Amino acid sequence: NRNNILVCSSNSPTIRMISPDGVEIGAFVGHLGQVMGVEPLTENIFVSRGSDKTIRIWDYRSPRMISTITAPTTSTLCMTGSRNFVICGFSNKNITVTDIRKFPGKPFLGVSTNDYNAIMMKYDSENDSLMMFGQVEKDTTRDSMIFIDTNGLSRKSILRHYSQFTGVDCN
């Protein structure tokens, strides 16, 4: 039911599905550390990221995990996807794509975002395109990096569009 809400409390490895009237409908257990975020992929599938350096794919209809993607040694900052793909942005300035139909736990594509961490992404499966909002990571030992455009404006953040992102026919 699309009206249900997925919640995860601080320091908890459990994701809970709550009805609009506050009744717990189910619990999704699998992360070994705090759940850092959840993102719906389809009407029945959602993805979660945890401090245990895993991305887990779940089915709403039963509290079971479909697949696990082990992240690199850096944090997962954001996720998006579709019924076919899970796309993750990492704090090492990379984006990975995992085809959950063929290679459920292994990314098949990695893209560098250059000097930016992907903070927010949205994948459009119809057009195989990805919109990414990225920010320059602040260095706590020095001043933040500042990029200057040719018009003299600072670029601490960027909105980037990738077309033909996965290069895979989704139909």
# chains A, B, ... in the order shown; residues from 1 in each chain; ligands from 1
>>> residues_around(residues="Met132 of chain A", least_positions_apart="3", cutoff="9 Å", atoms="only C-alpha atoms", output="PyMOL selection string")
chain A and resi 118-123+158-162
>>> residues_around(residues="Met36 of chain A", least_positions_apart="3", cutoff="9 Å", atoms="only C-alpha atoms", output="PyMOL selection string")
chain A and resi 8+10+33+48-51+76-77
>>> closest_residue(among="A:Gly134, A:Gly26, A:Gly81, A:Pro107", to="Val47 of chain A", atoms="only C-alpha atoms")
A:Gly81
>>> closest_residue(among="A:Gly37, A:Gly167, A:Gly110, A:Gly30", to="Ser125 of chain A", atoms="only C-alpha atoms")
A:Gly167
>>> select_by_dssp(residues="segment 15-72 of chain A", states="strand (DSSP E or B)", output="ChimeraX atom specification")
/A:15-18,24-29,35-40,45-50,54-59,62-70
>>> residues_around(residues="Thr113 of chain A", least_positions_apart="6", cutoff="8 Å", atoms="only C-alpha atoms", output="CSV table (one decimal) with all heavy atoms, in the first residue's frame")
chain,number,residue,atom,x,y,z
A,93,LYS,N,33.2,10.2,-4.4
A,93,LYS,CA,32.9,10.9,-5.6
A,93,LYS,C,32.7,10.0,-6.8
A,93,LYS,O,33.0,10.3,-7.9
A,93,LYS,CB,34.0,11.9,-5.9
A,93,LYS,CG,34.2,13.0,-4.8
A,93,LYS,CD,35.4,13.8,-5.0
A,93,LYS,CE,35.6,14.8,-3.9
A,93,LYS,NZ,35.9,14.1,-2.6
A,94,ASN,N,32.0,8.9,-6.5
A,94,ASN,CA,31.7,7.9,-7.5
A,94,ASN,C,30.2,7.5,-7.4
A,94,ASN,O,29.6,7.6,-6.4
A,94,ASN,CB,32.5,6.6,-7.4
A,94,ASN,CG,33.9,6.8,-7.9
A,94,ASN,OD1,34.1,7.2,-9.1
A,94,ASN,ND2,34.9,6.6,-7.0
A,95,ILE,N,29.6,7.2,-8.6
A,95,ILE,CA,28.3,6.6,-8.7
A,95,ILE,C,28.4,5.2,-9.2
A,95,ILE,O,29.2,5.0,-10.2
A,95,ILE,CB,27.4,7.5,-9.6
A,95,ILE,CG1,27.3,8.9,-9.0
A,95,ILE,CG2,26.0,6.8,-9.8
A,95,ILE,CD1,26.6,9.9,-10.0
>>> residues_around(residues="Gln164 of chain A", least_positions_apart="6", cutoff="9 Å", atoms="only C-alpha atoms", output="number ranges by chain")
A: 127-130
>>> closest_residue(among="A:Val35, A:Val136, A:Ile55, A:Ile45", to="Thr96 of chain A", atoms="only C-alpha atoms")
A:Ile55
>>> atom_distance(atom1="atom CA of Ile5 of chain A", atom2="atom CA of Met17 of chain A")
5.6 Å
>>> atom_distance(atom1="atom CA of Asn92 of chain A", atom2="atom CA of Ser112 of chain A")
8.7 Å
>>> closest_residue(among="A:Ala71, A:Cys78, A:Met131, A:Leu6", to="Phe165 of chain A", atoms="only C-alpha atoms")
A:Met131
>>> residues_around(residues="Asp59 of chain A", least_positions_apart="6", cutoff="12 Å", atoms="only C-alpha atoms", output="list in words")
Asn1, Met17, Gly26, Ala27, Phe28, Pro40, Leu41, Thr42, Glu43, Asn44, Ile45, Phe46, Val47, Ser48, Met65, Ile66, Ser67 and Arg83 of chain A
>>> write_last_selection(atoms="C-alpha atoms", output="mmCIF file, in the first residue's frame")
data_model
loop_
_atom_site.group_PDB
_atom_site.id
_atom_site.type_symbol
_atom_site.label_atom_id
_atom_site.label_comp_id
_atom_site.auth_asym_id
_atom_site.auth_seq_id
_atom_site.Cartn_x
_atom_site.Cartn_y
_atom_site.Cartn_z
ATOM 1 C CA ASN A 1 0.000 0.000 0.000
ATOM 2 C CA MET A 17 6.564 -0.057 7.919
ATOM 3 C CA GLY A 26 6.059 -5.039 9.363
ATOM 4 C CA ALA A 27 9.733 -4.887 10.245
ATOM 5 C CA PHE A 28 12.634 -5.310 7.836
ATOM 6 C CA PRO A 40 11.377 3.451 -3.039
ATOM 7 C CA LEU A 41 12.256 1.893 -6.401
ATOM 8 C CA THR A 42 8.853 0.539 -7.476
ATOM 9 C CA GLU A 43 5.436 -0.008 -5.958
ATOM 10 C CA ASN A 44 6.749 -3.212 -4.313
ATOM 11 C CA ILE A 45 10.521 -2.729 -3.990
ATOM 12 C CA PHE A 46 12.622 -0.325 -1.915
ATOM 13 C CA VAL A 47 16.315 0.044 -1.175
ATOM 14 C CA SER A 48 18.076 0.977 2.075
ATOM 15 C CA MET A 65 15.574 -8.949 1.738
ATOM 16 C CA ILE A 66 15.924 -9.614 -1.980
ATOM 17 C CA SER A 67 19.608 -8.797 -2.352
ATOM 18 C CA ARG A 83 12.696 -1.884 -11.199
#
>>> atom_distance(atom1="atom CA of Glu24 of chain A", atom2="atom CA of Ile57 of chain A")
20.0 Å
>>> closest_residue(among="A:Ser12, A:Thr74, A:Thr80, A:Thr166", to="Asp99 of chain A", atoms="only C-alpha atoms")
A:Thr166
>>> closest_residue(among="A:Thr54, A:Asn11, A:Leu32, A:Gly22", to="Gly105 of chain A", atoms="only C-alpha atoms")
A:Thr54
>>> decode(residues="segment 50-62 of chain A", atoms="all heavy atoms", output="PDB file, in the first residue's frame")
ATOM      1  N   GLY A  50      22.948   1.432   4.875  1.00  0.00           N
ATOM      2  CA  GLY A  50      23.240   1.361   6.296  1.00  0.00           C
ATOM      3  C   GLY A  50      24.680   1.690   6.615  1.00  0.00           C
ATOM      4  O   GLY A  50      25.553   1.698   5.739  1.00  0.00           O
ATOM      5  N   SER A  51      24.926   1.949   7.892  1.00  0.00           N
ATOM      6  CA  SER A  51      26.284   2.229   8.351  1.00  0.00           C
ATOM      7  C   SER A  51      27.156   0.973   8.299  1.00  0.00           C
ATOM      8  O   SER A  51      28.366   1.061   8.475  1.00  0.00           O
ATOM      9  CB  SER A  51      26.260   2.799   9.773  1.00  0.00           C
ATOM     10  OG  SER A  51      25.741   1.844  10.686  1.00  0.00           O
ATOM     11  N   ASP A  52      26.556  -0.180   8.032  1.00  0.00           N
ATOM     12  CA  ASP A  52      27.310  -1.435   7.892  1.00  0.00           C
ATOM     13  C   ASP A  52      27.920  -1.581   6.501  1.00  0.00           C
ATOM     14  O   ASP A  52      28.413  -2.626   6.135  1.00  0.00           O
ATOM     15  CB  ASP A  52      26.419  -2.639   8.206  1.00  0.00           C
ATOM     16  CG  ASP A  52      25.197  -2.737   7.305  1.00  0.00           C
ATOM     17  OD1 ASP A  52      24.974  -1.843   6.455  1.00  0.00           O
ATOM     18  OD2 ASP A  52      24.444  -3.716   7.453  1.00  0.00           O
ATOM     19  N   LYS A  53      27.895  -0.497   5.706  1.00  0.00           N
ATOM     20  CA  LYS A  53      28.466  -0.434   4.359  1.00  0.00           C
ATOM     21  C   LYS A  53      27.772  -1.380   3.383  1.00  0.00           C
ATOM     22  O   LYS A  53      28.382  -1.929   2.483  1.00  0.00           O
ATOM     23  CB  LYS A  53      29.963  -0.698   4.386  1.00  0.00           C
ATOM     24  CG  LYS A  53      30.714   0.212   5.336  1.00  0.00           C
ATOM     25  CD  LYS A  53      31.720   1.034   4.609  1.00  0.00           C
ATOM     26  CE  LYS A  53      32.601   1.835   5.520  1.00  0.00           C
ATOM     27  NZ  LYS A  53      32.002   2.944   6.178  1.00  0.00           N
ATOM     28  N   THR A  54      26.455  -1.576   3.591  1.00  0.00           N
ATOM     29  CA  THR A  54      25.674  -2.370   2.652  1.00  0.00           C
ATOM     30  C   THR A  54      24.490  -1.562   2.155  1.00  0.00           C
ATOM     31  O   THR A  54      23.998  -0.657   2.830  1.00  0.00           O
ATOM     32  CB  THR A  54      25.144  -3.683   3.272  1.00  0.00           C
ATOM     33  OG1 THR A  54      24.244  -3.373   4.334  1.00  0.00           O
ATOM     34  CG2 THR A  54      26.267  -4.573   3.752  1.00  0.00           C
ATOM     35  N   ILE A  55      24.063  -1.915   0.958  1.00  0.00           N
ATOM     36  CA  ILE A  55      22.821  -1.422   0.375  1.00  0.00           C
ATOM     37  C   ILE A  55      21.956  -2.667   0.241  1.00  0.00           C
ATOM     38  O   ILE A  55      22.397  -3.670  -0.319  1.00  0.00           O
ATOM     39  CB  ILE A  55      23.074  -0.759  -1.003  1.00  0.00           C
ATOM     40  CG1 ILE A  55      23.946   0.496  -0.853  1.00  0.00           C
ATOM     41  CG2 ILE A  55      21.767  -0.397  -1.663  1.00  0.00           C
ATOM     42  CD1 ILE A  55      25.373   0.259  -1.128  1.00  0.00           C
ATOM     43  N   ARG A  56      20.750  -2.604   0.780  1.00  0.00           N
ATOM     44  CA  ARG A  56      19.884  -3.787   0.772  1.00  0.00           C
ATOM     45  C   ARG A  56      18.611  -3.493   0.003  1.00  0.00           C
ATOM     46  O   ARG A  56      18.048  -2.407   0.112  1.00  0.00           O
ATOM     47  CB  ARG A  56      19.590  -4.240   2.197  1.00  0.00           C
ATOM     48  CG  ARG A  56      20.897  -4.648   2.888  1.00  0.00           C
ATOM     49  CD  ARG A  56      20.698  -5.126   4.285  1.00  0.00           C
ATOM     50  NE  ARG A  56      21.979  -5.330   4.930  1.00  0.00           N
ATOM     51  CZ  ARG A  56      22.556  -6.509   5.110  1.00  0.00           C
ATOM     52  NH1 ARG A  56      21.972  -7.608   4.691  1.00  0.00           N
ATOM     53  NH2 ARG A  56      23.718  -6.591   5.713  1.00  0.00           N
ATOM     54  N   ILE A  57      18.173  -4.479  -0.767  1.00  0.00           N
ATOM     55  CA  ILE A  57      16.981  -4.349  -1.599  1.00  0.00           C
ATOM     56  C   ILE A  57      15.895  -5.215  -0.963  1.00  0.00           C
ATOM     57  O   ILE A  57      16.134  -6.382  -0.638  1.00  0.00           O
ATOM     58  CB  ILE A  57      17.284  -4.793  -3.046  1.00  0.00           C
ATOM     59  CG1 ILE A  57      18.466  -3.969  -3.575  1.00  0.00           C
ATOM     60  CG2 ILE A  57      16.067  -4.640  -3.930  1.00  0.00           C
ATOM     61  CD1 ILE A  57      19.186  -4.585  -4.736  1.00  0.00           C
ATOM     62  N   TRP A  58      14.715  -4.621  -0.790  1.00  0.00           N
ATOM     63  CA  TRP A  58      13.626  -5.252  -0.052  1.00  0.00           C
ATOM     64  C   TRP A  58      12.343  -5.280  -0.878  1.00  0.00           C
ATOM     65  O   TRP A  58      12.144  -4.450  -1.747  1.00  0.00           O
ATOM     66  CB  TRP A  58      13.323  -4.460   1.218  1.00  0.00           C
ATOM     67  CG  TRP A  58      14.489  -4.193   2.103  1.00  0.00           C
ATOM     68  CD1 TRP A  58      15.363  -3.140   2.007  1.00  0.00           C
ATOM     69  CD2 TRP A  58      14.921  -4.958   3.208  1.00  0.00           C
ATOM     70  NE1 TRP A  58      16.293  -3.217   3.003  1.00  0.00           N
ATOM     71  CE2 TRP A  58      16.052  -4.318   3.762  1.00  0.00           C
ATOM     72  CE3 TRP A  58      14.455  -6.132   3.809  1.00  0.00           C
ATOM     73  CZ2 TRP A  58      16.733  -4.806   4.875  1.00  0.00           C
ATOM     74  CZ3 TRP A  58      15.132  -6.614   4.923  1.00  0.00           C
ATOM     75  CH2 TRP A  58      16.251  -5.968   5.443  1.00  0.00           C
ATOM     76  N   ASP A  59      11.447  -6.216  -0.517  1.00  0.00           N
ATOM     77  CA  ASP A  59      10.108  -6.291  -1.094  1.00  0.00           C
ATOM     78  C   ASP A  59       9.118  -5.884  -0.011  1.00  0.00           C
ATOM     79  O   ASP A  59       9.111  -6.468   1.077  1.00  0.00           O
ATOM     80  CB  ASP A  59       9.834  -7.721  -1.560  1.00  0.00           C
ATOM     81  CG  ASP A  59       8.565  -7.844  -2.390  1.00  0.00           C
ATOM     82  OD1 ASP A  59       7.585  -7.120  -2.091  1.00  0.00           O
ATOM     83  OD2 ASP A  59       8.554  -8.655  -3.327  1.00  0.00           O
ATOM     84  N   TYR A  60       8.288  -4.877  -0.292  1.00  0.00           N
ATOM     85  CA  TYR A  60       7.293  -4.406   0.674  1.00  0.00           C
ATOM     86  C   TYR A  60       6.325  -5.508   1.096  1.00  0.00           C
ATOM     87  O   TYR A  60       5.825  -5.517   2.209  1.00  0.00           O
ATOM     88  CB  TYR A  60       6.413  -3.301   0.049  1.00  0.00           C
ATOM     89  CG  TYR A  60       7.035  -1.968  -0.111  1.00  0.00           C
ATOM     90  CD1 TYR A  60       7.346  -1.484  -1.382  1.00  0.00           C
ATOM     91  CD2 TYR A  60       7.274  -1.140   0.975  1.00  0.00           C
ATOM     92  CE1 TYR A  60       7.882  -0.224  -1.548  1.00  0.00           C
ATOM     93  CE2 TYR A  60       7.822   0.116   0.816  1.00  0.00           C
ATOM     94  CZ  TYR A  60       8.116   0.566  -0.449  1.00  0.00           C
ATOM     95  OH  TYR A  60       8.652   1.808  -0.609  1.00  0.00           O
ATOM     96  N   ARG A  61       6.019  -6.423   0.159  1.00  0.00           N
ATOM     97  CA  ARG A  61       4.964  -7.413   0.394  1.00  0.00           C
ATOM     98  C   ARG A  61       5.326  -8.453   1.433  1.00  0.00           C
ATOM     99  O   ARG A  61       4.448  -9.092   1.993  1.00  0.00           O
ATOM    100  CB  ARG A  61       4.586  -8.082  -0.926  1.00  0.00           C
ATOM    101  CG  ARG A  61       4.009  -7.080  -1.917  1.00  0.00           C
ATOM    102  CD  ARG A  61       3.946  -7.633  -3.295  1.00  0.00           C
ATOM    103  NE  ARG A  61       5.310  -7.795  -3.808  1.00  0.00           N
ATOM    104  CZ  ARG A  61       5.611  -8.105  -5.055  1.00  0.00           C
ATOM    105  NH1 ARG A  61       4.657  -8.313  -5.920  1.00  0.00           N
ATOM    106  NH2 ARG A  61       6.853  -8.221  -5.443  1.00  0.00           N
ATOM    107  N   SER A  62       6.614  -8.637   1.670  1.00  0.00           N
ATOM    108  CA  SER A  62       7.040  -9.551   2.731  1.00  0.00           C
ATOM    109  C   SER A  62       8.312  -8.968   3.333  1.00  0.00           C
ATOM    110  O   SER A  62       9.148  -8.435   2.609  1.00  0.00           O
ATOM    111  CB  SER A  62       7.305 -10.952   2.164  1.00  0.00           C
ATOM    112  OG  SER A  62       8.372 -10.919   1.256  1.00  0.00           O
TER     113      SER A  62
END
